[in-house]
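Notes for the one structure printed next.
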Amino acid sequence: MLDLHLIREQTEVVRQALLKRMDSVDFSELLQLDSEHRELIKSVEEKKSRRNTVSAEIPKLKKAGQDVAALLGEMKELSTEIKTLDDKRRELSEKIEDILVAFPNIPDEDVLAGGKENNKVLKTYGEKPQFSFPPKDHVTLAEELGLIDYERGAKIGGSGFWAYTNQGARLEWALLNFFIQEHLNDGFEFILPPHLLNWECGYTAGQFPKFAEDVFHIKSDEGEEKQHHFLLPTAETALANFHRDEIIPAEQLPKLYFGYTPCYRKEAGSYRASERGMIRGHQFNKVELFVYCMPDESNDLLERLIQKAESLVQKLGLHYQLSKLAAKDCSAGMAKTYDIEIWIPSMDEYKEISSASNARDYQARRGKIRTKHPETGKNILVHTLNASGLATSRLFPAILEQFQQEDGSVIVPEPLRQWVDADRLAKR
């Protein structure tokens, strides 16, 4: 959520920044409500001060034998006025928050305006694989090698689901084991969060209320919006709430976490023919990195997350590119995002397997996640960052396609062989 004080003091600066990712920005209603809200607060405080002063005088006047009936009547009337104004203040506060939460994060100054067309490729790693034979797509390879059962997966779960089988299941689990071990080696703390989250989790992470329809909801009997649960779309949604409503001691920062979960997503809209198989689905596995830190640490920690995600792909020997996203292509809650995009030969394009992002204080403000300023001792908001480390549903196809051999087998990347118990996937 944006800082209302910043909007109030630097209205045009914030408006111009948001125009990088929004077609229009209008703060007039927000600022009008804010002005009314502050006037109400002033009025309420003045009336409460008057009530406190008179209430303290009444016992003295009674003791002196003076008639206090008029003052008691005034206090009764004043209390009614205060309650009415307090109710109005709360109503205005809710309206202000409803407007504020609809705004996305302010893009960093170095983030380009516009959408995907302005994404910038910063570097590539390795070379595109060249084949001396007609290469197969990952769906064909997975079916021929008995790694994925698409038909039975769809029978069980419906369209957009699949089932890992035999060595396919071992390869998937090998990827997760590899990621987990790498993150443990780097000093990150392993978290296995719940898969059912409450409404506050979606709100703090920046997905609710605007993107509430992108997840699978599990309604309560009462049917109240804020009483039901939803299936987490990423472990980030859970980890962003791990310290919700807390003050984290400054000496404990940065907090470096990673979590493994399946990710459950509606993926609304049509699927392109080229996105069959595992490229898009309603459930996939992902290891997620998440960081809480002091504001002056977040730039360096974003670089660390990018490097960590890249190192995983590099150790697997896969060709990829690193892109910096333009403002409209970043998630709403993020100030800056870099994507690691893996090459899928059969699609002749790169597909994102990791997004590394800095949310600045956007999520922390929603979740009231604070720390103490080391010099002033005052509460300040922390910064939060996240990165996929990594998602498997596109990495798996990339391994099959980039490492396929003429005889139809697939070379297993060296770091995964201890868990797959094979250096090659072949027909049995």
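Chain lettering (A, B, ...) mirrors the order of the structure tokens, residue numbering begins at 1 for each chain separately, and ligand numbering begins at 1 in order of display.
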(message) When you look at Glu267 (chain A) with a cut-off of 12 Å (counting only C-alpha atoms), what residues show up, excluding the ones that are within fewer than 2 positions of it in the same chain? I need them as a list in words.
(response)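 Returned residues: Ser159, Gly160, Phe161, Phe211, Glu213, Asp214, Val215, Phe216, Pro233, Cys263, Tyr264, Arg265, Gly269, Ser270, Tyr271, Ile279, Arg280, Gly281, His282, Gln283 and Phe284 of chain A.
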(request) List the neighbours of Asn386 (chain A) out to 8 Å using only C-alpha atoms; skip same-chain residues closer than 5 positions along the sequence, and give me the result as a PyMOL selection string. (result) chain A and resi 236+288-291+305+355-358
(message) From a backbone DSSP assignment, name each residue in region 85-296 of chain A labelled strand (DSSP E), as number ranges by chain.
(response) A: 120-125, 148-149, 163-164, 189-191, 196-198, 217-218, 229-231, 247-248, 255-264, 283-293
Those residues you just picked out, can you put them in a file as a compact mmCIF listing (two decimals), in the first residue's frame with N, CA and C atoms?
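Contents of selection31.txt, freshly written:
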# COMPACT_ATOMS: atom_id res chain seq x y z
N LYS A 120 13.74 -5.23 -20.94
CA LYS A 120 15.10 -5.15 -21.46
C LYS A 120 15.91 -6.39 -21.08
N VAL A 121 16.42 -7.10 -22.08
CA VAL A 121 17.28 -8.25 -21.84
C VAL A 121 18.66 -7.74 -21.43
N LEU A 122 19.11 -8.14 -20.24
CA LEU A 122 20.38 -7.65 -19.72
C LEU A 122 21.54 -8.56 -20.07
N LYS A 123 21.27 -9.87 -20.16
CA LYS A 123 22.36 -10.79 -20.50
C LYS A 123 21.78 -12.15 -20.83
N THR A 124 22.57 -12.97 -21.47
CA THR A 124 22.20 -14.36 -21.73
C THR A 124 23.31 -15.25 -21.19
N TYR A 125 22.95 -16.48 -20.88
CA TYR A 125 23.92 -17.45 -20.38
C TYR A 125 23.90 -18.68 -21.28
N ILE A 148 5.56 -38.23 -17.54
CA ILE A 148 4.34 -37.49 -17.20
C ILE A 148 3.14 -38.23 -17.79
N ASP A 149 2.09 -38.35 -16.99
CA ASP A 149 0.85 -38.91 -17.51
C ASP A 149 -0.17 -37.77 -17.57
N ALA A 163 0.21 -35.60 -13.96
CA ALA A 163 0.75 -36.48 -12.92
C ALA A 163 2.16 -36.89 -13.29
N TYR A 164 3.11 -36.70 -12.37
CA TYR A 164 4.47 -37.17 -12.57
C TYR A 164 4.52 -38.66 -12.30
N GLU A 189 16.70 -19.86 5.92
CA GLU A 189 15.92 -20.70 6.83
C GLU A 189 14.75 -21.34 6.09
N PHE A 190 14.59 -22.65 6.24
CA PHE A 190 13.57 -23.42 5.53
C PHE A 190 12.24 -23.34 6.25
N ILE A 191 11.18 -22.97 5.52
CA ILE A 191 9.83 -22.87 6.06
C ILE A 191 8.89 -23.72 5.20
N LEU A 196 -3.45 -23.47 3.00
CA LEU A 196 -4.71 -22.72 3.13
C LEU A 196 -4.42 -21.44 3.91
N LEU A 197 -4.67 -20.31 3.29
CA LEU A 197 -4.35 -19.03 3.91
C LEU A 197 -5.61 -18.21 4.15
N ASN A 198 -5.54 -17.30 5.12
CA ASN A 198 -6.70 -16.45 5.40
C ASN A 198 -6.64 -15.16 4.58
N HIS A 217 -10.70 -20.04 -4.07
CA HIS A 217 -11.26 -19.70 -2.76
C HIS A 217 -12.00 -20.90 -2.16
N ILE A 218 -11.91 -21.01 -0.85
CA ILE A 218 -12.65 -22.02 -0.10
C ILE A 218 -13.56 -21.26 0.84
N HIS A 229 -11.00 -19.01 3.46
CA HIS A 229 -9.61 -19.30 3.13
C HIS A 229 -9.44 -19.43 1.62
N PHE A 230 -8.18 -19.42 1.19
CA PHE A 230 -7.88 -19.65 -0.22
C PHE A 230 -6.60 -20.47 -0.32
N LEU A 231 -6.44 -21.16 -1.45
CA LEU A 231 -5.23 -21.94 -1.70
C LEU A 231 -4.12 -21.00 -2.16
N ILE A 247 6.98 -6.32 15.30
CA ILE A 247 8.16 -5.45 15.24
C ILE A 247 9.37 -6.36 15.33
N ILE A 248 10.10 -6.47 14.24
CA ILE A 248 11.27 -7.36 14.18
C ILE A 248 12.48 -6.62 14.75
N LYS A 255 16.21 -11.07 7.61
CA LYS A 255 15.70 -12.43 7.79
C LYS A 255 15.59 -13.06 6.41
N LEU A 256 16.27 -14.18 6.24
CA LEU A 256 16.34 -14.85 4.94
C LEU A 256 15.59 -16.17 5.03
N TYR A 257 14.49 -16.27 4.31
CA TYR A 257 13.66 -17.47 4.35
C TYR A 257 13.54 -18.09 2.95
N PHE A 258 13.24 -19.37 2.93
CA PHE A 258 12.75 -19.97 1.70
C PHE A 258 11.71 -21.02 2.07
N GLY A 259 10.74 -21.20 1.19
CA GLY A 259 9.68 -22.17 1.44
C GLY A 259 9.40 -22.99 0.20
N TYR A 260 9.00 -24.23 0.42
CA TYR A 260 8.52 -25.07 -0.69
C TYR A 260 7.02 -25.25 -0.54
N THR A 261 6.30 -25.08 -1.65
CA THR A 261 4.87 -25.42 -1.71
C THR A 261 4.49 -25.72 -3.15
N PRO A 262 3.44 -26.49 -3.35
CA PRO A 262 2.76 -26.42 -4.64
C PRO A 262 2.13 -25.02 -4.76
N CYS A 263 1.93 -24.56 -5.96
CA CYS A 263 1.26 -23.27 -6.20
C CYS A 263 -0.04 -23.55 -6.94
N TYR A 264 -1.12 -22.97 -6.46
CA TYR A 264 -2.45 -23.22 -7.02
C TYR A 264 -2.96 -21.94 -7.67
N GLN A 283 -1.64 -26.19 -11.01
CA GLN A 283 -0.84 -26.59 -9.85
C GLN A 283 0.56 -26.91 -10.32
N PHE A 284 1.53 -26.29 -9.67
CA PHE A 284 2.93 -26.59 -9.99
C PHE A 284 3.77 -26.37 -8.74
N ASN A 285 4.98 -26.91 -8.75
CA ASN A 285 5.86 -26.84 -7.58
C ASN A 285 6.84 -25.67 -7.70
N LYS A 286 7.12 -25.06 -6.56
CA LYS A 286 8.05 -23.94 -6.56
C LYS A 286 8.70 -23.78 -5.20
N VAL A 287 9.98 -23.49 -5.22
CA VAL A 287 10.70 -23.07 -4.02
C VAL A 287 10.85 -21.56 -4.10
N GLU A 288 10.44 -20.88 -3.05
CA GLU A 288 10.39 -19.41 -3.05
C GLU A 288 11.34 -18.84 -2.00
N LEU A 289 12.10 -17.83 -2.39
CA LEU A 289 12.97 -17.09 -1.48
C LEU A 289 12.25 -15.83 -1.01
N PHE A 290 12.41 -15.50 0.27
CA PHE A 290 11.75 -14.29 0.79
C PHE A 290 12.66 -13.64 1.83
N VAL A 291 12.71 -12.29 1.78
CA VAL A 291 13.62 -11.55 2.64
C VAL A 291 12.89 -10.39 3.32
N TYR A 292 13.15 -10.21 4.62
CA TYR A 292 12.79 -9.01 5.35
C TYR A 292 14.10 -8.29 5.70
N CYS A 293 14.15 -6.97 5.48
CA CYS A 293 15.42 -6.29 5.73
C CYS A 293 15.21 -4.83 6.06
(message) So that I can see what lies close to Leu92 (chain A), please list as number ranges by chain the residues with an atom at most 8 Å from it, counting only C-alpha atoms and leaving out residues fewer than 5 positions away in the same chain.
(response) A: 33-34, 36-37
(request) Once DSSP has gone over the backbone, tell me which residues of region 283-388 of chain A are in alpha helix (DSSP H), as number ranges by chain. (result) A: 298-316, 362-367
Would you save the residues of that selection, restricted to N, CA and C atoms, as a JSON list (two decimals), in the first residue's frame?
[["chain", "number", "residue", "atom", "x", "y", "z"],
["A", 298, "SER", "N", 17.96, -3.28, 0.95],
["A", 298, "SER", "CA", 17.15, -4.02, -0.01],
["A", 298, "SER", "C", 17.74, -4.03, -1.42],
["A", 299, "ASN", "N", 18.44, -2.99, -1.84],
["A", 299, "ASN", "CA", 19.04, -3.00, -3.18],
["A", 299, "ASN", "C", 20.07, -4.11, -3.31],
["A", 300, "ASP", "N", 20.97, -4.20, -2.32],
["A", 300, "ASP", "CA", 22.01, -5.23, -2.36],
["A", 300, "ASP", "C", 21.41, -6.63, -2.26],
["A", 301, "LEU", "N", 20.36, -6.78, -1.45],
["A", 301, "LEU", "CA", 19.75, -8.10, -1.28],
["A", 301, "LEU", "C", 19.00, -8.52, -2.54],
["A", 302, "LEU", "N", 18.45, -7.58, -3.29],
["A", 302, "LEU", "CA", 17.82, -7.94, -4.56],
["A", 302, "LEU", "C", 18.87, -8.52, -5.50],
["A", 303, "GLU", "N", 20.03, -7.91, -5.56],
["A", 303, "GLU", "CA", 21.11, -8.44, -6.40],
["A", 303, "GLU", "C", 21.50, -9.85, -5.95],
["A", 304, "ARG", "N", 21.51, -10.06, -4.65],
["A", 304, "ARG", "CA", 21.86, -11.39, -4.13],
["A", 304, "ARG", "C", 20.83, -12.43, -4.56],
["A", 305, "LEU", "N", 19.55, -12.07, -4.50],
["A", 305, "LEU", "CA", 18.50, -13.01, -4.91],
["A", 305, "LEU", "C", 18.61, -13.34, -6.39],
["A", 306, "ILE", "N", 18.89, -12.33, -7.21],
["A", 306, "ILE", "CA", 19.04, -12.56, -8.65],
["A", 306, "ILE", "C", 20.19, -13.53, -8.89],
["A", 307, "GLN", "N", 21.31, -13.28, -8.24],
["A", 307, "GLN", "CA", 22.48, -14.13, -8.42],
["A", 307, "GLN", "C", 22.22, -15.56, -7.96],
["A", 308, "LYS", "N", 21.48, -15.69, -6.86],
["A", 308, "LYS", "CA", 21.16, -17.05, -6.36],
["A", 308, "LYS", "C", 20.31, -17.80, -7.37],
["A", 309, "ALA", "N", 19.26, -17.15, -7.88],
["A", 309, "ALA", "CA", 18.40, -17.82, -8.85],
["A", 309, "ALA", "C", 19.17, -18.18, -10.12],
["A", 310, "GLU", "N", 20.00, -17.25, -10.59],
["A", 310, "GLU", "CA", 20.81, -17.53, -11.78],
["A", 310, "GLU", "C", 21.75, -18.70, -11.56],
["A", 311, "SER", "N", 22.36, -18.76, -10.37],
["A", 311, "SER", "CA", 23.34, -19.82, -10.12],
["A", 311, "SER", "C", 22.71, -21.21, -10.22],
["A", 312, "LEU", "N", 21.44, -21.33, -9.83],
["A", 312, "LEU", "CA", 20.76, -22.62, -9.91],
["A", 312, "LEU", "C", 20.63, -23.07, -11.37],
["A", 313, "VAL", "N", 20.23, -22.13, -12.24],
["A", 313, "VAL", "CA", 20.06, -22.46, -13.65],
["A", 313, "VAL", "C", 21.42, -22.76, -14.28],
["A", 314, "GLN", "N", 22.42, -21.99, -13.89],
["A", 314, "GLN", "CA", 23.76, -22.21, -14.43],
["A", 314, "GLN", "C", 24.31, -23.58, -14.03],
["A", 315, "LYS", "N", 24.09, -23.98, -12.78],
["A", 315, "LYS", "CA", 24.60, -25.28, -12.33],
["A", 315, "LYS", "C", 23.89, -26.43, -13.04],
["A", 316, "LEU", "N", 22.68, -26.17, -13.52],
["A", 316, "LEU", "CA", 21.96, -27.18, -14.30],
["A", 316, "LEU", "C", 22.41, -27.18, -15.76],
["A", 362, "TYR", "N", 5.90, -1.61, 0.49],
["A", 362, "TYR", "CA", 4.51, -1.74, 0.05],
["A", 362, "TYR", "C", 3.78, -2.84, 0.83],
["A", 363, "GLN", "N", 4.38, -4.03, 0.92],
["A", 363, "GLN", "CA", 3.75, -5.13, 1.66],
["A", 363, "GLN", "C", 3.83, -4.88, 3.16],
["A", 364, "ALA", "N", 4.95, -4.34, 3.62],
["A", 364, "ALA", "CA", 5.13, -4.11, 5.06],
["A", 364, "ALA", "C", 4.11, -3.12, 5.61],
["A", 365, "ARG", "N", 3.74, -2.11, 4.80],
["A", 365, "ARG", "CA", 2.74, -1.15, 5.25],
["A", 365, "ARG", "C", 1.38, -1.83, 5.40],
["A", 366, "ARG", "N", 1.04, -2.68, 4.46],
["A", 366, "ARG", "CA", -0.23, -3.42, 4.56],
["A", 366, "ARG", "C", -0.24, -4.35, 5.77],
["A", 367, "GLY", "N", 0.89, -5.01, 6.01],
["A", 367, "GLY", "CA", 0.96, -6.01, 7.08],
["A", 367, "GLY", "C", 1.46, -5.47, 8.41]]
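If you look at CA of Arg8 (chain A) and CA of Phe27 (chain A), they are 9.1 Å away from each other.
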(message) To one decimal place in Å, what is the distance between CA of His319 (chain A) and CA of Phe178 (chain A)?
(response) 18.2 Å
(request) With a distance cut-off of 12 Å and only C-alpha atoms, select the neighbouring residues of Asn177 (chain A), excluding the residue or stretch itself and same-chain residues fewer than 3 positions from it, and output the selection as a PyMOL selection string. (result) chain A and resi 170-174+180-184+260+285-287+312+389-390+392+415-420
(message) Measuring between only C-alpha atoms, which one of A:Val25, A:Val382, A:Ile156, A:Leu145 shows the shortest distance to His243 (chain A)?
(response)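 The answer is A:Val382, which sits nearest to His243 (chain A).
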(request) Give the answer as one residue: which of A:Glu39, A:Asp296, A:Glu46, A:Asp361 has the shortest atom-to-atom distance to Met1 (chain A), using only C-alpha atoms? (result)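 Looking at the shortest contact to Met1 (chain A), the residue is A:Asp361.
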(request) Find the spatial neighbours of Ala398 (chain A), counting only C-alpha atoms, within a cut-off of 9 Å - ignore same-chain residues fewer than 6 positions away - and output them as an NGL selection string. (result) :A and (138 or 318-319 or 342-345)
Serialized selection, N, CA and C atoms, as a PDB file, in the first residue's frame:
ATOM      1  N   HIS A 138       8.678 -31.155 -25.415  1.00  0.00           N
ATOM      2  CA  HIS A 138       8.725 -31.776 -24.088  1.00  0.00           C
ATOM      3  C   HIS A 138       7.534 -32.695 -23.828  1.00  0.00           C
ATOM      4  N   LEU A 318      21.728 -24.939 -18.188  1.00  0.00           N
ATOM      5  CA  LEU A 318      20.673 -24.554 -19.123  1.00  0.00           C
ATOM      6  C   LEU A 318      20.898 -23.149 -19.688  1.00  0.00           C
ATOM      7  N   HIS A 319      20.484 -22.955 -20.916  1.00  0.00           N
ATOM      8  CA  HIS A 319      20.560 -21.650 -21.571  1.00  0.00           C
ATOM      9  C   HIS A 319      19.369 -20.802 -21.129  1.00  0.00           C
ATOM     10  N   ILE A 342      13.896 -19.065 -19.258  1.00  0.00           N
ATOM     11  CA  ILE A 342      14.547 -20.262 -19.796  1.00  0.00           C
ATOM     12  C   ILE A 342      14.141 -20.467 -21.253  1.00  0.00           C
ATOM     13  N   TRP A 343      15.053 -21.001 -22.034  1.00  0.00           N
ATOM     14  CA  TRP A 343      14.799 -21.233 -23.455  1.00  0.00           C
ATOM     15  C   TRP A 343      14.075 -22.562 -23.648  1.00  0.00           C
ATOM     16  N   ILE A 344      12.912 -22.502 -24.332  1.00  0.00           N
ATOM     17  CA  ILE A 344      12.157 -23.698 -24.684  1.00  0.00           C
ATOM     18  C   ILE A 344      12.241 -23.865 -26.203  1.00  0.00           C
ATOM     19  N   PRO A 345      13.095 -24.759 -26.708  1.00  0.00           N
ATOM     20  CA  PRO A 345      13.323 -24.864 -28.152  1.00  0.00           C
ATOM     21  C   PRO A 345      12.064 -25.039 -28.986  1.00  0.00           C
TER      22      PRO A 345
END
